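Peer 1: First, the structure itself, so that you have it in front of you.
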Amino acid sequence: MKQIIVSGFGGQGVLSLGLMLSYAAMKENRNTSFLPSYGPEMRGGTANCSVVISNKEVASPVISRPDLLVAFNEPSLVRFLPALNEGGRFFVDSETAKKEVISRKDAVAVPLDKLCGNNKKGHNIAMLGVMLGFTGLKLESAEYAVQYVFKNKPQFIEANIACLHAGVDYALKAGLK
Amino acid sequence: MKQLLKGNEAVAEAAIAAGCRCFFGYPITPQNEIPEYMSWRMKEVGGHFVQAESEVSAINMVYGAGGAGARAMTSSSSPGVSLKQEGISYIAGAEVPCVIVNMMRAGPGLGGIQPSQSDYFQATKGGGHGDYRMLVYAPSSVQEAADLTYKAFFRADYYRNPVMILGDGMLGQMMEPAQIPEAVDVNSLPKKSWAAKGNNGGKQRVINSIFMNPDTLEAHNAHLTEKYEEMKKLDTMFEHYRTDDAEVVLVAYGIVARICKAAVDMLRESGIKAGLFRPITLFPFPYGEIAKLSDGAAKTFVSVELSCGQLIEDVKLGLFDSKNRPEVGIFARVGGNVMKPEDVAEYIKSGRITQSWIK
């Protein structure tokens with residue numbers, strides 16, 4: 001079982017990254033739950049979601065201790081990093097996270113802007129690519145998830161798939177596990 | 001085929017599958033996806049969607065459509081469901097089948113928009129005036145939200161009584177893979193001989209809840225009570241999770257029961273014999289099962305709820321005749337806060353079981 005929290009500013013693709021993880025898991029016939037924060041949050045505000053991926057029935061969609069944490073901003077680290085599970089890993093943008101955070105052994109710092117060719121909208125999808133190896137999800141499932149989530153905006157699919165592959169390639173080259 | 005669905009969407013599509021062709025609602029967070037979904041979906045299936053001018057209006061439209069024999073539904077969240085109470089009492093009195101969804105948010109008053117279970121009393125003990133009951137289903141997953149909503153329409157018709165789906169904001173907003181039950185053919189549903197829909201000069205049919213003669217009303221009350229007794233016999237639903245040898249039994253419903261399942265696993269790993277008892281129907285409440293557990297290994301019962309001590313009252317009622325006098329406690333988060341599995345496990349491990357939720 002993998003328990004994942006994705007957190008950041010609204011507009012950074014926090015919820016859609018969580019959603020894509022759940023779609024990919026469902027594509028592989030694994031059990032999954034996607035629990036978004038909801039409320040009066042808007043662009044610039046905070047958003048987070050909890051995703052559970054499991055081969056057994058998902059007990060709680062509410063997570064005590066995430067195995068994987070994606071923190072797109074500093075407040076997310078402050079809030080969720082102390083709860084990171086033993087042996088857990090957290091993912092940050094290497095271009096915005098603080099040096100002392102990046103230097104931690106459990107940090108996975110990713111140069112998102114570089115991977116996405118300065119396409120800020122693709123950051124979450126590049127992160128999905130980097131995370132695949134940590135979740136056990138297959139690339140083709142992630143591709144399906146990207147296509148599904150963007151089915152009403154087909155003009156973005158190609159660029160997003162490119163970001164996904166850039167994330168996967170980066171993880172492979174960096175030997176991330 | 002399984003789809004990744006929000007709880008709210010699953011409720012809406014399952015209602016369509018059950019033959020619901022009339023939906024009346026008014027917007028309120030966190031259930032807005034239900035009317036939003038119905039607004040386009042009803043058009044596709046040739047049904048009727050009305051965004052009413054208020055919750056009071058919406059429930060009275062349900063009264064009218066249900067009275068005319070249609071499978072009708074309304075949905076809202078706590079403050080909106082309070083506004084519907086007069087209509088629900090009339091519908092119960094007039095014996096009109098319908099389904100009412102409450103995706104609870106924290107109260108009292110306007111409260112907040114985050115998840116809660118604080119309408120437990122309102123749903124189960126008769127929120128409106130007069131003596132009436134509703135079947136109350138408390139789904140704990142998106143799949144169960146679909147299945148119970150589907151079932152609700154059939155049980156509502158069977159009893160000619162309103163049925164409530166009692167969820168919370170979290171269940172409404174979360175997504176899980178779920179399969180919608182196979183759609184019924186609306187035209188093949190049994191005809192309702194009592195429905196008032198105009199019959200060209202035939203025998204007059206009246207849908208009403210007024211009985212001015214006390215003896216007539218008493219007989220009507222007796223008839224209603226018989227229905228509620230039948231519900232207790234036929235419709236009580238519950239789930240046991242690792243309760244066989246459990247010394248500590250968590251009692252929880254809805255999404256909180258899921259949190260408790262994880263807590264039970266944590267407690268078992270640290271050597272504490274814990275289990276979960278989950279009522280699926282809140283009315284009828286499975287009192288008998290709680291009694292049975294107290295005759296067995298259970299020494300402690302802990303009500304885990306998102307309310308300030310509501311579910312615990314039914315747990316205590318279940319233990320009323322218990323010879324073993326088990327300890328009863330509560331663990332609650334309210335105001336829109338939700339406990340984590342670890343919080344529940346820590347509370348049990350602490351050994352300080354209290355009857356007040358305030359620490």
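Ordering of the structure tokens sets the chain letters (A, B, ...), residue numbers begin anew at 1 in every chain, and ligands are numbered from 1 in the order given.
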Could you list, as a list in words, every residue within 12 Å of Lys359 of chain B, counting only C-alpha atoms and ignoring same-chain residues fewer than 2 positions away?

Peer 2: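 Non-adjacent residues within range: Cys308, Ile330, Phe331, Ala332, Arg333, Tyr347, Arg352, Ile353, Thr354, Gln355, Ser356 and Trp357 of chain B.
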
Peer 1: Write out the residues from the selection above, keeping all heavy atoms, as a compact mmCIF listing (two decimals), in the first residue's frame.

Peer 2:
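Contents of part.txt, freshly written:
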```txt
# COMPACT_ATOMS: atom_id res chain seq x y z
N CYS B 308 -20.87 15.72 18.74
CA CYS B 308 -20.49 15.92 20.14
C CYS B 308 -21.15 14.93 21.11
O CYS B 308 -21.48 15.31 22.24
CB CYS B 308 -20.83 17.34 20.57
SG CYS B 308 -20.09 18.62 19.55
N ILE B 330 -16.19 7.78 24.14
CA ILE B 330 -16.37 8.47 22.87
C ILE B 330 -15.05 9.08 22.42
O ILE B 330 -14.24 9.54 23.23
CB ILE B 330 -17.44 9.58 22.99
CG1 ILE B 330 -17.65 10.30 21.64
CG2 ILE B 330 -17.08 10.60 24.07
CD1 ILE B 330 -18.83 11.26 21.65
N PHE B 331 -14.81 9.03 21.10
CA PHE B 331 -13.73 9.81 20.51
C PHE B 331 -14.33 10.60 19.37
O PHE B 331 -14.90 10.01 18.45
CB PHE B 331 -12.58 8.92 20.02
CG PHE B 331 -11.42 9.72 19.51
CD1 PHE B 331 -10.52 10.28 20.40
CD2 PHE B 331 -11.25 9.95 18.15
CE1 PHE B 331 -9.45 11.06 19.94
CE2 PHE B 331 -10.19 10.71 17.68
CZ PHE B 331 -9.29 11.27 18.58
N ALA B 332 -14.25 11.90 19.45
CA ALA B 332 -14.91 12.73 18.45
C ALA B 332 -14.04 13.89 18.00
O ALA B 332 -13.22 14.41 18.77
CB ALA B 332 -16.23 13.27 18.99
N ARG B 333 -14.19 14.25 16.74
CA ARG B 333 -13.69 15.53 16.24
C ARG B 333 -14.90 16.20 15.60
O ARG B 333 -15.72 15.54 14.98
CB ARG B 333 -12.60 15.34 15.19
CG ARG B 333 -11.28 14.80 15.70
CD ARG B 333 -10.63 15.64 16.79
NE ARG B 333 -10.38 17.04 16.46
CZ ARG B 333 -9.26 17.50 15.89
NH1 ARG B 333 -8.30 16.69 15.56
NH2 ARG B 333 -9.12 18.80 15.65
N TYR B 347 -5.81 7.14 21.17
CA TYR B 347 -6.83 7.31 22.21
C TYR B 347 -7.10 5.98 22.90
O TYR B 347 -7.18 5.91 24.14
CB TYR B 347 -8.12 7.85 21.59
CG TYR B 347 -9.29 7.96 22.54
CD1 TYR B 347 -9.33 8.97 23.50
CD2 TYR B 347 -10.35 7.07 22.49
CE1 TYR B 347 -10.40 9.08 24.38
CE2 TYR B 347 -11.42 7.18 23.36
CZ TYR B 347 -11.45 8.18 24.30
OH TYR B 347 -12.51 8.28 25.16
N ARG B 352 -7.32 5.90 28.61
CA ARG B 352 -8.19 6.87 29.29
C ARG B 352 -9.45 7.09 28.46
O ARG B 352 -9.57 8.07 27.73
CB ARG B 352 -7.44 8.18 29.52
CG ARG B 352 -6.36 8.07 30.57
CD ARG B 352 -5.81 9.44 30.96
NE ARG B 352 -5.18 10.12 29.84
CZ ARG B 352 -3.91 9.93 29.46
NH1 ARG B 352 -3.14 9.07 30.13
NH2 ARG B 352 -3.42 10.58 28.43
N ILE B 353 -10.38 6.16 28.58
CA ILE B 353 -11.63 6.21 27.82
C ILE B 353 -12.61 7.10 28.58
O ILE B 353 -12.90 6.84 29.75
CB ILE B 353 -12.22 4.80 27.65
CG1 ILE B 353 -11.18 3.83 27.09
CG2 ILE B 353 -13.49 4.82 26.81
CD1 ILE B 353 -10.73 4.12 25.69
N THR B 354 -13.09 8.16 27.94
CA THR B 354 -13.98 9.10 28.63
C THR B 354 -15.34 9.17 27.93
O THR B 354 -15.47 8.80 26.77
CB THR B 354 -13.39 10.52 28.64
OG1 THR B 354 -13.16 10.92 27.29
CG2 THR B 354 -12.10 10.57 29.42
N GLN B 355 -16.32 9.65 28.66
CA GLN B 355 -17.66 9.78 28.08
C GLN B 355 -17.94 11.18 27.56
O GLN B 355 -19.03 11.47 27.11
CB GLN B 355 -18.72 9.39 29.12
CG GLN B 355 -18.71 7.90 29.40
CD GLN B 355 -20.10 7.34 29.66
OE1 GLN B 355 -21.10 8.02 29.51
NE2 GLN B 355 -20.12 6.09 30.08
N SER B 356 -16.95 12.05 27.65
CA SER B 356 -17.11 13.38 27.06
C SER B 356 -16.09 13.53 25.94
O SER B 356 -14.95 13.08 26.07
CB SER B 356 -16.87 14.47 28.11
OG SER B 356 -16.73 15.71 27.46
N TRP B 357 -16.48 14.16 24.87
CA TRP B 357 -15.54 14.29 23.75
C TRP B 357 -14.54 15.40 24.01
O TRP B 357 -13.51 15.48 23.36
CB TRP B 357 -16.30 14.56 22.44
CG TRP B 357 -16.89 15.94 22.34
CD1 TRP B 357 -18.10 16.33 22.81
CD2 TRP B 357 -16.29 17.08 21.74
NE1 TRP B 357 -18.30 17.65 22.55
CE2 TRP B 357 -17.22 18.15 21.88
CE3 TRP B 357 -15.08 17.33 21.09
CZ2 TRP B 357 -16.95 19.43 21.41
CZ3 TRP B 357 -14.83 18.60 20.62
CH2 TRP B 357 -15.76 19.64 20.78
```

Peer 1: Could you make a table, as CSV, of the residues of segment 55-172 of chain A that have an atom within 12 Å of an atom of segment 163-184 of chain B, each with its nearest atom pair and distance in Å to one decimal, counting only C-alpha atoms, in chain and number order?

Peer 2:
```
residue,atom,partner,partner_atom,distance
A:Glu57,CA,B:Glu176,CA,11.1
A:Val58,CA,B:Glu176,CA,9.6
A:Ser60,CA,B:Leu171,CA,11.7
A:Pro61,CA,B:Met174,CA,8.4
A:Val62,CA,B:Met170,CA,9.6
```

Peer 1: Can those selected residues be exported to a file as an mmCIF file, in the first residue's frame so that it contains N, CA, C and O atoms?

Peer 2:
```
data_model
loop_
_atom_site.group_PDB
_atom_site.id
_atom_site.type_symbol
_atom_site.label_atom_id
_atom_site.label_comp_id
_atom_site.auth_asym_id
_atom_site.auth_seq_id
_atom_site.Cartn_x
_atom_site.Cartn_y
_atom_site.Cartn_z
ATOM 1 N N GLU A 57 -8.366 -3.869 -0.143
ATOM 2 C CA GLU A 57 -9.381 -2.829 0.007
ATOM 3 C C GLU A 57 -8.749 -1.631 0.721
ATOM 4 O O GLU A 57 -7.969 -1.804 1.661
ATOM 5 N N VAL A 58 -9.060 -0.417 0.273
ATOM 6 C CA VAL A 58 -8.521 0.764 0.943
ATOM 7 C C VAL A 58 -9.303 0.957 2.244
ATOM 8 O O VAL A 58 -10.521 1.127 2.217
ATOM 9 N N SER A 60 -8.648 3.392 5.215
ATOM 10 C CA SER A 60 -8.942 4.813 5.417
ATOM 11 C C SER A 60 -8.437 5.675 4.273
ATOM 12 O O SER A 60 -7.256 5.614 3.916
ATOM 13 N N PRO A 61 -9.320 6.496 3.683
ATOM 14 C CA PRO A 61 -8.848 7.475 2.703
ATOM 15 C C PRO A 61 -8.139 8.650 3.373
ATOM 16 O O PRO A 61 -7.471 9.435 2.710
ATOM 17 N N VAL A 62 -8.310 8.748 4.711
ATOM 18 C CA VAL A 62 -7.614 9.787 5.482
ATOM 19 C C VAL A 62 -6.276 9.209 5.920
ATOM 20 O O VAL A 62 -6.214 8.114 6.461
#
```

Peer 1: What are the closest atom pairs, with distances in Å to one decimal, for each residue of chain A lying within 7 Å of chain B, using only C-alpha atoms, rows by chain and rising residue number, as JSON lines?

Peer 2:
```
{"residue": "A:Tyr23", "atom": "CA", "partner": "B:Leu4", "partner_atom": "CA", "distance": 7.0}
{"residue": "A:Met26", "atom": "CA", "partner": "B:Pro177", "partner_atom": "CA", "distance": 6.8}
{"residue": "A:Thr32", "atom": "CA", "partner": "B:Glu176", "partner_atom": "CA", "distance": 6.1}
{"residue": "A:Ser33", "atom": "CA", "partner": "B:Glu176", "partner_atom": "CA", "distance": 4.8}
{"residue": "A:Phe34", "atom": "CA", "partner": "B:Met175", "partner_atom": "CA", "distance": 4.9}
{"residue": "A:Leu35", "atom": "CA", "partner": "B:Met174", "partner_atom": "CA", "distance": 4.5}
{"residue": "A:Pro36", "atom": "CA", "partner": "B:Met174", "partner_atom": "CA", "distance": 6.3}
{"residue": "A:Gly39", "atom": "CA", "partner": "B:Ile113", "partner_atom": "CA", "distance": 6.9}
{"residue": "A:Ala59", "atom": "CA", "partner": "B:Arg258", "partner_atom": "CA", "distance": 5.3}
{"residue": "A:Ser60", "atom": "CA", "partner": "B:Ile259", "partner_atom": "CA", "distance": 4.5}
{"residue": "A:Val62", "atom": "CA", "partner": "B:Lys340", "partner_atom": "CA", "distance": 6.1}
{"residue": "A:Ile63", "atom": "CA", "partner": "B:Lys340", "partner_atom": "CA", "distance": 6.4}
{"residue": "A:Ser64", "atom": "CA", "partner": "B:Lys340", "partner_atom": "CA", "distance": 5.4}
```

Peer 1: My list of candidates is A:Val149, A:Ala47, A:Leu176, A:Leu115. Which is closest to Ala71 of chain A when distances are computed with only C-alpha atoms?

Peer 2: A:Ala47

Peer 1: Excluding same-chain residues fewer than 2 positions from Val108 of chain A, what lies within 9 Å of it counting only C-alpha atoms, as a PDB file with all heavy atoms, in the first residue's frame?

Peer 2:
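To be explicit, this is the file written out as part_38.pdb:
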```pdb
ATOM      1  N   ARG A  89       9.497   9.147   1.358  1.00  0.00           N
ATOM      2  CA  ARG A  89      10.240  10.110   0.548  1.00  0.00           C
ATOM      3  C   ARG A  89       9.354  11.310   0.257  1.00  0.00           C
ATOM      4  O   ARG A  89       8.138  11.182   0.157  1.00  0.00           O
ATOM      5  CB  ARG A  89      10.666   9.466  -0.791  1.00  0.00           C
ATOM      6  CG  ARG A  89      11.454   8.180  -0.657  1.00  0.00           C
ATOM      7  CD  ARG A  89      12.807   8.387  -0.011  1.00  0.00           C
ATOM      8  NE  ARG A  89      13.716   9.164  -0.844  1.00  0.00           N
ATOM      9  CZ  ARG A  89      14.573   8.650  -1.714  1.00  0.00           C
ATOM     10  NH1 ARG A  89      14.633   7.345  -1.880  1.00  0.00           N
ATOM     11  NH2 ARG A  89      15.375   9.433  -2.408  1.00  0.00           N
ATOM     12  N   PHE A  90      10.025  12.470   0.132  1.00  0.00           N
ATOM     13  CA  PHE A  90       9.235  13.640  -0.269  1.00  0.00           C
ATOM     14  C   PHE A  90       9.834  14.307  -1.501  1.00  0.00           C
ATOM     15  O   PHE A  90      11.047  14.262  -1.722  1.00  0.00           O
ATOM     16  CB  PHE A  90       9.044  14.622   0.893  1.00  0.00           C
ATOM     17  CG  PHE A  90      10.285  15.346   1.310  1.00  0.00           C
ATOM     18  CD1 PHE A  90      10.548  16.638   0.847  1.00  0.00           C
ATOM     19  CD2 PHE A  90      11.197  14.757   2.169  1.00  0.00           C
ATOM     20  CE1 PHE A  90      11.691  17.325   1.238  1.00  0.00           C
ATOM     21  CE2 PHE A  90      12.352  15.431   2.566  1.00  0.00           C
ATOM     22  CZ  PHE A  90      12.594  16.719   2.101  1.00  0.00           C
ATOM     23  N   PHE A  91       8.969  14.897  -2.296  1.00  0.00           N
ATOM     24  CA  PHE A  91       9.327  15.428  -3.611  1.00  0.00           C
ATOM     25  C   PHE A  91       9.144  16.939  -3.623  1.00  0.00           C
ATOM     26  O   PHE A  91       8.079  17.429  -3.269  1.00  0.00           O
ATOM     27  CB  PHE A  91       8.437  14.794  -4.695  1.00  0.00           C
ATOM     28  CG  PHE A  91       8.561  13.299  -4.765  1.00  0.00           C
ATOM     29  CD1 PHE A  91       7.934  12.489  -3.816  1.00  0.00           C
ATOM     30  CD2 PHE A  91       9.297  12.691  -5.777  1.00  0.00           C
ATOM     31  CE1 PHE A  91       8.048  11.106  -3.873  1.00  0.00           C
ATOM     32  CE2 PHE A  91       9.421  11.310  -5.839  1.00  0.00           C
ATOM     33  CZ  PHE A  91       8.796  10.513  -4.882  1.00  0.00           C
ATOM     34  N   VAL A  92      10.207  17.655  -4.027  1.00  0.00           N
ATOM     35  CA  VAL A  92      10.119  19.116  -4.108  1.00  0.00           C
ATOM     36  C   VAL A  92      10.710  19.604  -5.440  1.00  0.00           C
ATOM     37  O   VAL A  92      11.403  18.861  -6.131  1.00  0.00           O
ATOM     38  CB  VAL A  92      10.889  19.802  -2.943  1.00  0.00           C
ATOM     39  CG1 VAL A  92      10.202  19.537  -1.613  1.00  0.00           C
ATOM     40  CG2 VAL A  92      12.347  19.353  -2.920  1.00  0.00           C
ATOM     41  N   ASP A  93      10.412  20.850  -5.748  1.00  0.00           N
ATOM     42  CA  ASP A  93      10.990  21.514  -6.916  1.00  0.00           C
ATOM     43  C   ASP A  93      12.371  22.023  -6.504  1.00  0.00           C
ATOM     44  O   ASP A  93      12.477  22.863  -5.605  1.00  0.00           O
ATOM     45  CB  ASP A  93      10.064  22.670  -7.322  1.00  0.00           C
ATOM     46  CG  ASP A  93      10.570  23.409  -8.556  1.00  0.00           C
ATOM     47  OD1 ASP A  93      11.697  23.123  -9.002  1.00  0.00           O
ATOM     48  OD2 ASP A  93       9.809  24.261  -9.062  1.00  0.00           O
ATOM     49  N   SER A  94      13.431  21.518  -7.160  1.00  0.00           N
ATOM     50  CA  SER A  94      14.793  21.878  -6.737  1.00  0.00           C
ATOM     51  C   SER A  94      15.076  23.369  -6.955  1.00  0.00           C
ATOM     52  O   SER A  94      16.025  23.921  -6.403  1.00  0.00           O
ATOM     53  CB  SER A  94      15.823  21.035  -7.501  1.00  0.00           C
ATOM     54  OG  SER A  94      15.701  21.286  -8.882  1.00  0.00           O
ATOM     55  N   ILE A 102      16.592  20.304   0.456  1.00  0.00           N
ATOM     56  CA  ILE A 102      17.070  19.478  -0.659  1.00  0.00           C
ATOM     57  C   ILE A 102      18.174  18.523  -0.209  1.00  0.00           C
ATOM     58  O   ILE A 102      18.281  17.400  -0.693  1.00  0.00           O
ATOM     59  CB  ILE A 102      17.576  20.389  -1.805  1.00  0.00           C
ATOM     60  CG1 ILE A 102      16.387  21.155  -2.396  1.00  0.00           C
ATOM     61  CG2 ILE A 102      18.283  19.599  -2.888  1.00  0.00           C
ATOM     62  CD1 ILE A 102      16.764  22.201  -3.422  1.00  0.00           C
ATOM     63  N   ARG A 104      18.416  16.890   2.455  1.00  0.00           N
ATOM     64  CA  ARG A 104      17.962  15.753   3.275  1.00  0.00           C
ATOM     65  C   ARG A 104      18.009  14.460   2.459  1.00  0.00           C
ATOM     66  O   ARG A 104      17.763  14.454   1.257  1.00  0.00           O
ATOM     67  CB  ARG A 104      16.525  15.986   3.769  1.00  0.00           C
ATOM     68  CG  ARG A 104      16.436  16.912   4.964  1.00  0.00           C
ATOM     69  CD  ARG A 104      15.005  17.151   5.372  1.00  0.00           C
ATOM     70  NE  ARG A 104      14.261  15.913   5.620  1.00  0.00           N
ATOM     71  CZ  ARG A 104      13.339  15.803   6.579  1.00  0.00           C
ATOM     72  NH1 ARG A 104      13.059  16.835   7.357  1.00  0.00           N
ATOM     73  NH2 ARG A 104      12.689  14.670   6.726  1.00  0.00           N
ATOM     74  N   LYS A 105      18.310  13.351   3.152  1.00  0.00           N
ATOM     75  CA  LYS A 105      18.462  12.068   2.449  1.00  0.00           C
ATOM     76  C   LYS A 105      17.130  11.573   1.865  1.00  0.00           C
ATOM     77  O   LYS A 105      17.116  10.833   0.881  1.00  0.00           O
ATOM     78  CB  LYS A 105      19.011  11.004   3.409  1.00  0.00           C
ATOM     79  CG  LYS A 105      20.516  10.999   3.456  1.00  0.00           C
ATOM     80  CD  LYS A 105      21.024   9.789   4.211  1.00  0.00           C
ATOM     81  CE  LYS A 105      22.543   9.780   4.174  1.00  0.00           C
ATOM     82  NZ  LYS A 105      23.114   9.020   5.279  1.00  0.00           N
ATOM     83  N   ASP A 106      16.036  11.962   2.521  1.00  0.00           N
ATOM     84  CA  ASP A 106      14.736  11.467   2.039  1.00  0.00           C
ATOM     85  C   ASP A 106      14.101  12.418   1.019  1.00  0.00           C
ATOM     86  O   ASP A 106      12.970  12.214   0.603  1.00  0.00           O
ATOM     87  CB  ASP A 106      13.771  11.197   3.205  1.00  0.00           C
ATOM     88  CG  ASP A 106      13.715  12.356   4.197  1.00  0.00           C
ATOM     89  OD1 ASP A 106      14.441  13.355   3.980  1.00  0.00           O
ATOM     90  OD2 ASP A 106      12.962  12.261   5.182  1.00  0.00           O
ATOM     91  N   VAL A 110      13.580  17.854  -7.759  1.00  0.00           N
ATOM     92  CA  VAL A 110      13.440  17.708  -9.204  1.00  0.00           C
ATOM     93  C   VAL A 110      13.466  19.090  -9.875  1.00  0.00           C
ATOM     94  O   VAL A 110      12.722  19.982  -9.474  1.00  0.00           O
ATOM     95  CB  VAL A 110      12.108  17.008  -9.545  1.00  0.00           C
ATOM     96  CG1 VAL A 110      12.030  16.709 -11.041  1.00  0.00           C
ATOM     97  CG2 VAL A 110      11.923  15.735  -8.725  1.00  0.00           C
ATOM     98  N   LEU A 176      16.911   7.181  -9.396  1.00  0.00           N
ATOM     99  CA  LEU A 176      16.009   7.355  -8.252  1.00  0.00           C
ATOM    100  C   LEU A 176      15.187   6.104  -8.016  1.00  0.00           C
ATOM    101  O   LEU A 176      14.667   5.508  -8.942  1.00  0.00           O
ATOM    102  CB  LEU A 176      15.061   8.535  -8.505  1.00  0.00           C
ATOM    103  CG  LEU A 176      15.712   9.914  -8.564  1.00  0.00           C
ATOM    104  CD1 LEU A 176      14.677  10.953  -8.934  1.00  0.00           C
ATOM    105  CD2 LEU A 176      16.346  10.249  -7.226  1.00  0.00           C
TER     106      LEU A 176
END
```

Peer 1: Which is closest to Ile210 of chain B among B:Gly64, B:Pro162, B:Gly7, B:Gly93, if we use only C-alpha atoms?

Peer 2: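 The closest residue to Ile210 of chain B is B:Gly93.
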